[in-house]
$ cat coords_2.pdb   # PDB, C-alpha atoms
ATOM      1  CA  MET L  15      97.669 119.972  91.227
ATOM      2  CA  ILE L  16      94.512 118.378  92.622
ATOM      3  CA  GLU L  17      94.887 114.824  93.944
ATOM      4  CA  LEU L  18      91.749 112.652  94.049
ATOM      5  CA  GLU L  19      92.278 109.661  96.294
ATOM      6  CA  ARG L  20      90.529 107.156  98.538
ATOM      7  CA  THR L  21      92.301 105.292 101.312
ATOM      8  CA  PHE L  22      91.361 101.965 102.888
ATOM      9  CA  LEU L  23      92.575  99.783 105.714
ATOM     10  CA  ALA L  24      93.588  96.345 104.496
ATOM     11  CA  LYS L  25      91.387  93.397 105.487
ATOM     12  CA  TYR L  26      93.980  90.983 104.139
ATOM     13  CA  LEU L  27      96.792  91.102 101.629
ATOM     14  CA  PRO L  28      95.780  90.550  98.019
ATOM     15  CA  GLU L  29      97.131  87.424  96.332
ATOM     16  CA  GLY L  30     100.480  87.877  94.609
ATOM     17  CA  LEU L  31     101.479  91.071  96.435
ATOM     18  CA  LYS L  32     105.023  89.764  97.012
ATOM     19  CA  ASN L  33     105.488  89.581  93.222
ATOM     20  CA  CYS L  34     104.508  93.213  92.633
ATOM     21  CA  LYS L  35     106.847  96.109  91.974
ATOM     22  CA  ARG L  36     107.725  97.913  95.196
ATOM     23  CA  LYS L  37     109.821 100.715  96.589
ATOM     24  CA  GLU L  38     110.822 102.022  99.976
ATOM     25  CA  ILE L  39     109.464 105.398 101.038
ATOM     26  CA  LEU L  40     110.839 107.552 103.835
ATOM     27  CA  ASP L  41     108.717 110.561 104.805
ATOM     28  CA  ILE L  42     109.875 113.368 107.073
ATOM     29  CA  TYR L  43     107.120 115.750 108.186
ATOM     30  CA  ILE L  44     107.687 119.246 109.538
ATOM     31  CA  PRO L  45     107.222 121.226 111.683
ATOM     32  CA  THR L  46     107.632 118.759 114.537
ATOM     33  CA  ASP L  47     105.456 120.761 116.930
ATOM     34  CA  SER L  48     102.494 120.698 114.524
ATOM     35  CA  ARG L  49      99.670 118.309 115.437
ATOM     36  CA  HIS L  50      99.177 117.498 111.730
ATOM     37  CA  PRO L  51     102.102 118.721 109.603
ATOM     38  CA  THR L  52     101.348 119.262 105.911
ATOM     39  CA  LEU L  53     104.918 119.726 104.649
ATOM     40  CA  ARG L  54     106.730 116.510 103.738
ATOM     41  CA  ILE L  55     110.207 115.692 102.521
ATOM     42  CA  ARG L  56     110.191 112.279 100.814
ATOM     43  CA  LYS L  57     112.641 109.680  99.590
ATOM     44  CA  ASN L  58     110.483 107.808  97.089
ATOM     45  CA  GLY L  59     112.601 104.907  95.856
ATOM     46  CA  ASP L  60     115.387 106.727  94.014
ATOM     47  CA  LYS L  61     113.434 109.989  93.690
ATOM     48  CA  TYR L  62     113.388 112.850  96.165
ATOM     49  CA  GLU L  63     110.807 115.583  96.676
ATOM     50  CA  ILE L  64     109.257 118.110  98.986
ATOM     51  CA  THR L  65     105.460 118.270  99.050
ATOM     52  CA  LYS L  66     102.823 120.408 100.692
ATOM     53  CA  LYS L  67      99.366 118.800 100.807
ATOM     54  CA  GLU L  68      96.226 120.499 102.047
ATOM     55  CA  PRO L  69      92.606 119.413 101.707
ATOM     56  CA  LEU L  70      90.277 121.370  99.456
ATOM     57  CA  ALA L  71      87.497 122.605 101.708
ATOM     58  CA  ASP L  72      86.879 119.878 104.309
ATOM     59  CA  ASP L  73      87.289 116.821 102.077
ATOM     60  CA  PRO L  74      90.564 114.881 102.547
ATOM     61  CA  SER L  75      89.794 112.854  99.406
ATOM     62  CA  GLU L  76      90.482 116.014  97.373
ATOM     63  CA  MET L  77      93.866 117.563  98.119
ATOM     64  CA  ASN L  78      95.764 120.517  96.741
ATOM     65  CA  GLU L  79      99.263 119.101  96.289
ATOM     66  CA  GLU L  80     102.359 121.091  95.386
ATOM     67  CA  THR L  81     105.519 119.066  94.812
ATOM     68  CA  THR L  82     109.062 120.124  93.982
ATOM     69  CA  THR L  83     111.754 117.664  92.940
ATOM     70  CA  LEU L  84     114.910 117.554  95.043
ATOM     71  CA  THR L  85     118.324 116.158  94.208
ATOM     72  CA  LYS L  86     119.702 113.326  96.328
ATOM     73  CA  GLU L  87     122.190 115.804  97.787
ATOM     74  CA  GLU L  88     119.415 118.237  98.753
ATOM     75  CA  PHE L  89     117.394 115.445 100.339
ATOM     76  CA  ASP L  90     120.446 114.109 102.207
ATOM     77  CA  GLU L  91     121.210 117.583 103.560
ATOM     78  CA  LEU L  92     117.616 118.108 104.717
ATOM     79  CA  ASN L  93     117.454 114.578 106.148
ATOM     80  CA  LYS L  94     120.653 115.184 108.103
ATOM     81  CA  ASN L  95     119.584 118.546 109.483
ATOM     82  CA  LEU L  96     115.828 118.168 109.995
ATOM     83  CA  ASN L  97     114.382 116.939 113.234
ATOM     84  CA  GLY L  98     111.106 116.018 111.546
ATOM     85  CA  LYS L  99     108.592 113.306 112.381
ATOM     86  CA  ARG L 100     109.466 110.211 110.349
ATOM     87  CA  VAL L 101     107.610 107.270 108.880
ATOM     88  CA  ARG L 102     108.974 104.477 106.671
ATOM     89  CA  LYS L 103     106.953 102.127 104.499
ATOM     90  CA  LEU L 104     107.225  99.758 101.585
ATOM     91  CA  ARG L 105     104.838 100.642  98.772
ATOM     92  CA  TYR L 106     103.640  97.842  96.512
ATOM     93  CA  TYR L 107     101.881  98.527  93.191
ATOM     94  CA  TYR L 108      99.065  96.004  92.833
ATOM     95  CA  GLY L 109      96.899  95.789  89.717
ATOM     96  CA  TYR L 110      93.182  95.679  90.478
ATOM     97  CA  ASN L 111      90.361  95.964  87.894
ATOM     98  CA  GLY L 112      92.406  98.166  85.563
ATOM     99  CA  ARG L 113      93.622 100.374  88.421
ATOM    100  CA  THR L 114      96.758 100.421  90.513
ATOM    101  CA  ALA L 115      96.378  99.970  94.248
ATOM    102  CA  GLU L 116      99.207 101.479  96.261
ATOM    103  CA  VAL L 117      99.596  99.079  99.163
ATOM    104  CA  ASP L 118     101.603 100.727 101.944
ATOM    105  CA  VAL L 119     103.181  98.282 104.382
ATOM    106  CA  PHE L 120     104.398 100.355 107.308
ATOM    107  CA  GLN L 121     107.727  99.499 108.907
ATOM    108  CA  ASP L 122     109.507 100.012 112.208
ATOM    109  CA  LEU L 123     107.221 101.250 115.013
ATOM    110  CA  LEU L 124     104.113 101.087 112.777
ATOM    111  CA  LYS L 125     104.702  97.475 111.668
ATOM    112  CA  GLY L 126     101.335  95.732 111.292
ATOM    113  CA  LEU L 127      99.598  98.723 109.705
ATOM    114  CA  ILE L 128      98.711  98.330 106.023
ATOM    115  CA  VAL L 129      96.748 100.935 104.080
ATOM    116  CA  ILE L 130      95.703 100.903 100.441
ATOM    117  CA  ASP L 131      95.282 103.987  98.243
ATOM    118  CA  PHE L 132      93.553 104.376  94.908
ATOM    119  CA  GLU L 133      93.933 107.559  92.857
ATOM    120  CA  PHE L 134      91.344 108.851  90.389
ATOM    121  CA  LYS L 135      91.190 111.184  87.410
ATOM    122  CA  THR L 136      87.693 112.525  88.139
ATOM    123  CA  VAL L 137      85.458 113.092  91.142
ATOM    124  CA  GLU L 138      82.842 110.858  89.481
ATOM    125  CA  GLU L 139      85.333 107.946  89.263
ATOM    126  CA  LYS L 140      86.307 108.469  92.891
ATOM    127  CA  ASN L 141      82.716 108.539  94.093
ATOM    128  CA  ALA L 142      81.659 105.494  92.016
ATOM    129  CA  PHE L 143      84.575 103.285  93.101
ATOM    130  CA  GLN L 144      83.504 100.087  94.880
ATOM    131  CA  ILE L 145      85.611  98.925  97.830
ATOM    132  CA  PRO L 146      87.669  95.820  96.937
ATOM    133  CA  GLU L 147      87.212  92.610  98.949
ATOM    134  CA  PHE L 148      90.776  92.844 100.337
ATOM    135  CA  CYS L 149      89.970  96.244 101.873
ATOM    136  CA  LEU L 150      88.297  96.507 105.271
ATOM    137  CA  ILE L 151      86.932 100.049 105.398
ATOM    138  CA  ASP L 152      87.289 103.450 103.731
ATOM    139  CA  ILE L 153      89.412 105.652 106.005
ATOM    140  CA  THR L 154      89.815 108.627 103.668
ATOM    141  CA  GLN L 155      87.953 110.878 106.130
ATOM    142  CA  GLU L 156      89.770 109.521 109.229
ATOM    143  CA  GLU L 157      92.292 112.167 110.245
ATOM    144  CA  PHE L 158      94.182 109.928 112.732
ATOM    145  CA  ILE L 159      95.537 107.767 109.862
ATOM    146  CA  ALA L 160      96.780 110.564 107.552
ATOM    147  CA  GLY L 161     100.517 110.551 106.867
ATOM    148  CA  GLY L 162     101.066 113.764 108.805
ATOM    149  CA  MET L 163      99.272 112.238 111.794
ATOM    150  CA  VAL L 164     100.937 108.790 111.949
ATOM    151  CA  CYS L 165     104.462 110.110 111.404
ATOM    152  CA  GLY L 166     106.567 109.688 114.516
ATOM    153  CA  LYS L 167     103.998 107.377 116.145
ATOM    154  CA  SER L 168     103.939 103.687 116.973
ATOM    155  CA  TYR L 169     101.276 101.095 116.216
ATOM    156  CA  GLU L 170     100.338 101.172 119.906
ATOM    157  CA  ASP L 171      99.719 104.939 119.657
ATOM    158  CA  ILE L 172      96.939 104.394 117.097
ATOM    159  CA  GLU L 173      95.833 100.889 118.090
ATOM    160  CA  GLU L 174      92.643 101.993 119.861
ATOM    161  CA  ASN L 175      91.495 103.985 116.793
ATOM    162  CA  LEU L 176      92.220 100.932 114.610
ATOM    163  CA  ARG L 177      90.376  98.583 116.989
ATOM    164  CA  VAL L 178      87.243 100.756 116.745
ATOM    165  CA  LEU L 179      87.364 100.166 112.958
ATOM    166  CA  ASP L 180      87.805  96.376 113.500
ATOM    167  CA  TYR L 181      91.303  96.443 112.007
ATOM    168  CA  LYS L 182      93.471  93.450 112.833
ATOM    169  CA  LYS L 183      97.241  93.872 112.755
ATOM    170  CA  ILE L 184      98.751  92.311 109.608
ATOM    171  CA  ILE L 185     102.396  91.276 109.650
ATOM    172  CA  PHE L 186     103.828  90.998 106.136
ATOM    173  CA  GLU L 187     107.343  89.756 105.562
ATOM    174  CA  ASP L 188     108.592  90.014 101.999
TER
END

$ encode --input "coords_2.pdb" --output "structure tokens"
Amino acid sequence: MIELERTFLAKYLPEGLKNCKRKEILDIYIPTDSRHPTLRIRKNGDKYEITKKEPLADDPSEMNEETTTLTKEEFDELNKNLNGKRVRKLRYYYGYNGRTAEVDVFQDLLKGLIVIDFEFKTVEEKNAFQIPEFCLIDITQEEFIAGGMVCGKSYEDIEENLRVLDYKKIIFED
């Protein structure tokens, strides 16, 4: 499956975010010695999956994504036995101009980082999309912020890259 997506750093939190549907996501990336792992085991609310994502050509906004559903037992077994790089976030589903923004509020060592994803059906939609006011900057092409790159890191580990983009830490308590 081809995933068409653009990712933004949050400038501020959109009004009413606390009232939106949300779920907790736990990602475990392997192999641990990879600089940018592309294989991910995910607890996505009450769903479980294993996904391999790789960019088409050199464009991270267009990914080849292969996902297989796991049972809770399979996920629990992998979670128990894998020494993968982990990242935990709360994902909020925010309605914006007929689209759904996936607002990821990172937890634990990455607290203060908030990124916003929009998915598209066509390349034309993706390319024509105008950045919302609550978004700071398009980071789709920024490798340092990809899931496989931030897993296992702290906010301080990526703070300099964020500062260059004028990102200001946002603490969101729900």

$ resolve_selection --input "coords_2.pdb" --expression "the PyMOL selection byres ((chain L and resi 39-45) around 6)" --output "PyMOL selection string"
chain L and resi 38+46-48+51+53-58+98-103

$ closest_residue --input "coords_2.pdb" --among "L:Leu70, L:Glu63, L:Glu187, L:Arg105" --to "Phe89 in chain L" --atoms "only C-alpha atoms"
L:Glu63

$ closest_residue --input "coords_2.pdb" --among "L:Met77, L:Met15, L:Asn175, L:Ile184" --to "Val119 in chain L" --atoms "all atoms listed in the file"
L:Ile184

$ resolve_selection --input "coords_2.pdb" --expression "the PyMOL selection byres ((chain L and resi 183) around 10)" --output "ChimeraX atom specification"
/L:24-26,124-128,169,173,176-177,180-182,184-186

$ residues_around --input "coords_2.pdb" --residues "range 153-160 of chain L" --least-positions-apart "2" --cutoff "7 Å" --atoms "all atoms listed in the file" --output "PDB file with C-alpha atoms, keeping the file's coordinate frame"
ATOM      1  CA  ARG L  20      90.529 107.156  98.538  1.00  0.00           C
ATOM      2  CA  THR L  21      92.301 105.292 101.312  1.00  0.00           C
ATOM      3  CA  PHE L  22      91.361 101.965 102.888  1.00  0.00           C
ATOM      4  CA  LEU L  23      92.575  99.783 105.714  1.00  0.00           C
ATOM      5  CA  PRO L  74      90.564 114.881 102.547  1.00  0.00           C
ATOM      6  CA  SER L  75      89.794 112.854  99.406  1.00  0.00           C
ATOM      7  CA  ILE L 151      86.932 100.049 105.398  1.00  0.00           C
ATOM      8  CA  GLY L 162     101.066 113.764 108.805  1.00  0.00           C
ATOM      9  CA  MET L 163      99.272 112.238 111.794  1.00  0.00           C
ATOM     10  CA  VAL L 164     100.937 108.790 111.949  1.00  0.00           C
TER      11      VAL L 164
END

$ atom_distance --input "coords_2.pdb" --atom1 "CA of Tyr106 in chain L" --atom2 "CA of Gly59 in chain L"
11.4 Å

$ closest_residue --input "coords_2.pdb" --among "L:Gly112, L:Gly161, L:Pro146, L:Gly30" --to "Lys67 in chain L" --atoms "only C-alpha atoms"
L:Gly161

$ closest_residue --input "coords_2.pdb" --among "L:Asp90, L:Asp188, L:Glu19, L:Asp171" --to "Asp131 in chain L" --atoms "all atoms listed in the file"
L:Glu19

$ closest_residue --input "coords_2.pdb" --among "L:Phe148, L:Phe132, L:Asn95, L:Thr85" --to "Arg113 in chain L" --atoms "all atoms listed in the file"
L:Phe132

$ resolve_selection --input "coords_2.pdb" --expression "the PyMOL selection byres ((chain L and resi 66) around 8)" --output "PyMOL selection string"
chain L and resi 52-54+64-65+67-68+79-81

$ write_last_selection --input "coords_2.pdb" --atoms "C-alpha atoms" --output "compact mmCIF listing (two decimals), in the frame of the given file"
# COMPACT_ATOMS: atom_id res chain seq x y z
CA THR L 52 101.35 119.26 105.91
CA LEU L 53 104.92 119.73 104.65
CA ARG L 54 106.73 116.51 103.74
CA ILE L 64 109.26 118.11 98.99
CA THR L 65 105.46 118.27 99.05
CA LYS L 67 99.37 118.80 100.81
CA GLU L 68 96.23 120.50 102.05
CA GLU L 79 99.26 119.10 96.29
CA GLU L 80 102.36 121.09 95.39
CA THR L 81 105.52 119.07 94.81

$ build_atoms --input "coords_2.pdb" --residues "range 59-70 of chain L" --atoms "all heavy atoms" --output "short mmCIF file (atom, residue, chain, number, x, y, z; two decimals), keeping the file's coordinate frame"
data_model
loop_
_atom_site.label_atom_id
_atom_site.label_comp_id
_atom_site.auth_asym_id
_atom_site.auth_seq_id
_atom_site.Cartn_x
_atom_site.Cartn_y
_atom_site.Cartn_z
N GLY L 59 111.73 105.75 96.66
CA GLY L 59 112.60 104.91 95.86
C GLY L 59 113.89 105.66 95.61
O GLY L 59 114.58 106.05 96.54
N ASP L 60 114.18 105.95 94.33
CA ASP L 60 115.39 106.73 94.01
C ASP L 60 115.04 108.15 93.57
O ASP L 60 115.83 108.82 92.92
CB ASP L 60 116.23 106.01 92.95
CG ASP L 60 115.47 105.81 91.65
OD1 ASP L 60 114.28 106.16 91.58
OD2 ASP L 60 116.08 105.30 90.69
N LYS L 61 113.85 108.62 93.97
CA LYS L 61 113.43 109.99 93.69
C LYS L 61 113.28 110.72 95.02
O LYS L 61 112.99 110.12 96.05
CB LYS L 61 112.12 110.01 92.91
CG LYS L 61 112.25 109.40 91.54
CD LYS L 61 110.93 109.45 90.81
CE LYS L 61 111.13 108.81 89.44
NZ LYS L 61 109.89 108.43 88.84
N TYR L 62 113.43 112.04 94.95
CA TYR L 62 113.39 112.85 96.16
C TYR L 62 112.52 114.07 95.89
O TYR L 62 112.58 114.65 94.81
CB TYR L 62 114.81 113.28 96.55
CG TYR L 62 115.74 112.09 96.65
CD1 TYR L 62 116.44 111.63 95.54
CD2 TYR L 62 115.86 111.39 97.84
CE1 TYR L 62 117.26 110.52 95.62
CE2 TYR L 62 116.68 110.27 97.94
CZ TYR L 62 117.37 109.84 96.82
OH TYR L 62 118.17 108.73 96.91
N GLU L 63 111.71 114.46 96.90
CA GLU L 63 110.81 115.58 96.68
C GLU L 63 110.40 116.22 97.99
O GLU L 63 110.55 115.63 99.06
CB GLU L 63 109.57 115.11 95.90
CG GLU L 63 108.80 114.02 96.61
CD GLU L 63 107.80 113.28 95.73
OE1 GLU L 63 107.95 113.29 94.49
OE2 GLU L 63 106.87 112.69 96.28
N ILE L 64 109.88 117.41 97.86
CA ILE L 64 109.26 118.11 98.99
C ILE L 64 107.83 118.44 98.55
O ILE L 64 107.62 118.90 97.43
CB ILE L 64 110.06 119.36 99.41
CG1 ILE L 64 109.48 119.97 100.68
CG2 ILE L 64 110.17 120.37 98.29
CD1 ILE L 64 110.39 120.99 101.33
N THR L 65 106.87 118.13 99.41
CA THR L 65 105.46 118.27 99.05
C THR L 65 104.68 118.95 100.16
O THR L 65 104.89 118.67 101.33
CB THR L 65 104.83 116.88 98.79
OG1 THR L 65 105.54 116.24 97.74
CG2 THR L 65 103.37 116.98 98.41
N LYS L 66 103.78 119.82 99.76
CA LYS L 66 102.82 120.41 100.69
C LYS L 66 101.45 119.96 100.22
O LYS L 66 101.09 120.16 99.06
CB LYS L 66 102.92 121.92 100.70
CG LYS L 66 102.00 122.56 101.73
CD LYS L 66 102.43 123.98 102.01
CE LYS L 66 101.60 124.63 103.08
NZ LYS L 66 101.85 124.14 104.42
N LYS L 67 100.70 119.30 101.13
CA LYS L 67 99.37 118.80 100.81
C LYS L 67 98.36 119.39 101.78
O LYS L 67 98.55 119.33 102.98
CB LYS L 67 99.31 117.27 100.94
CG LYS L 67 99.99 116.52 99.83
CD LYS L 67 100.02 115.04 100.10
CE LYS L 67 98.83 114.33 99.59
NZ LYS L 67 98.92 112.87 99.63
N GLU L 68 97.29 119.95 101.22
CA GLU L 68 96.23 120.50 102.05
C GLU L 68 94.89 120.16 101.42
O GLU L 68 94.73 120.23 100.19
CB GLU L 68 96.38 122.01 102.18
CG GLU L 68 97.66 122.40 102.90
CD GLU L 68 97.81 123.90 103.03
OE1 GLU L 68 97.87 124.58 102.00
OE2 GLU L 68 97.87 124.36 104.17
N PRO L 69 93.91 119.77 102.26
CA PRO L 69 92.61 119.41 101.71
C PRO L 69 91.90 120.63 101.09
O PRO L 69 92.06 121.74 101.56
CB PRO L 69 91.83 118.89 102.91
CG PRO L 69 92.61 119.23 104.11
CD PRO L 69 93.98 119.63 103.69
N LEU L 70 91.16 120.35 100.02
CA LEU L 70 90.28 121.37 99.46
C LEU L 70 89.03 121.37 100.32
O LEU L 70 88.46 120.32 100.58
CB LEU L 70 89.89 121.01 98.03
CG LEU L 70 91.01 121.01 97.01
CD1 LEU L 70 90.49 120.54 95.66
CD2 LEU L 70 91.61 122.40 96.87
#
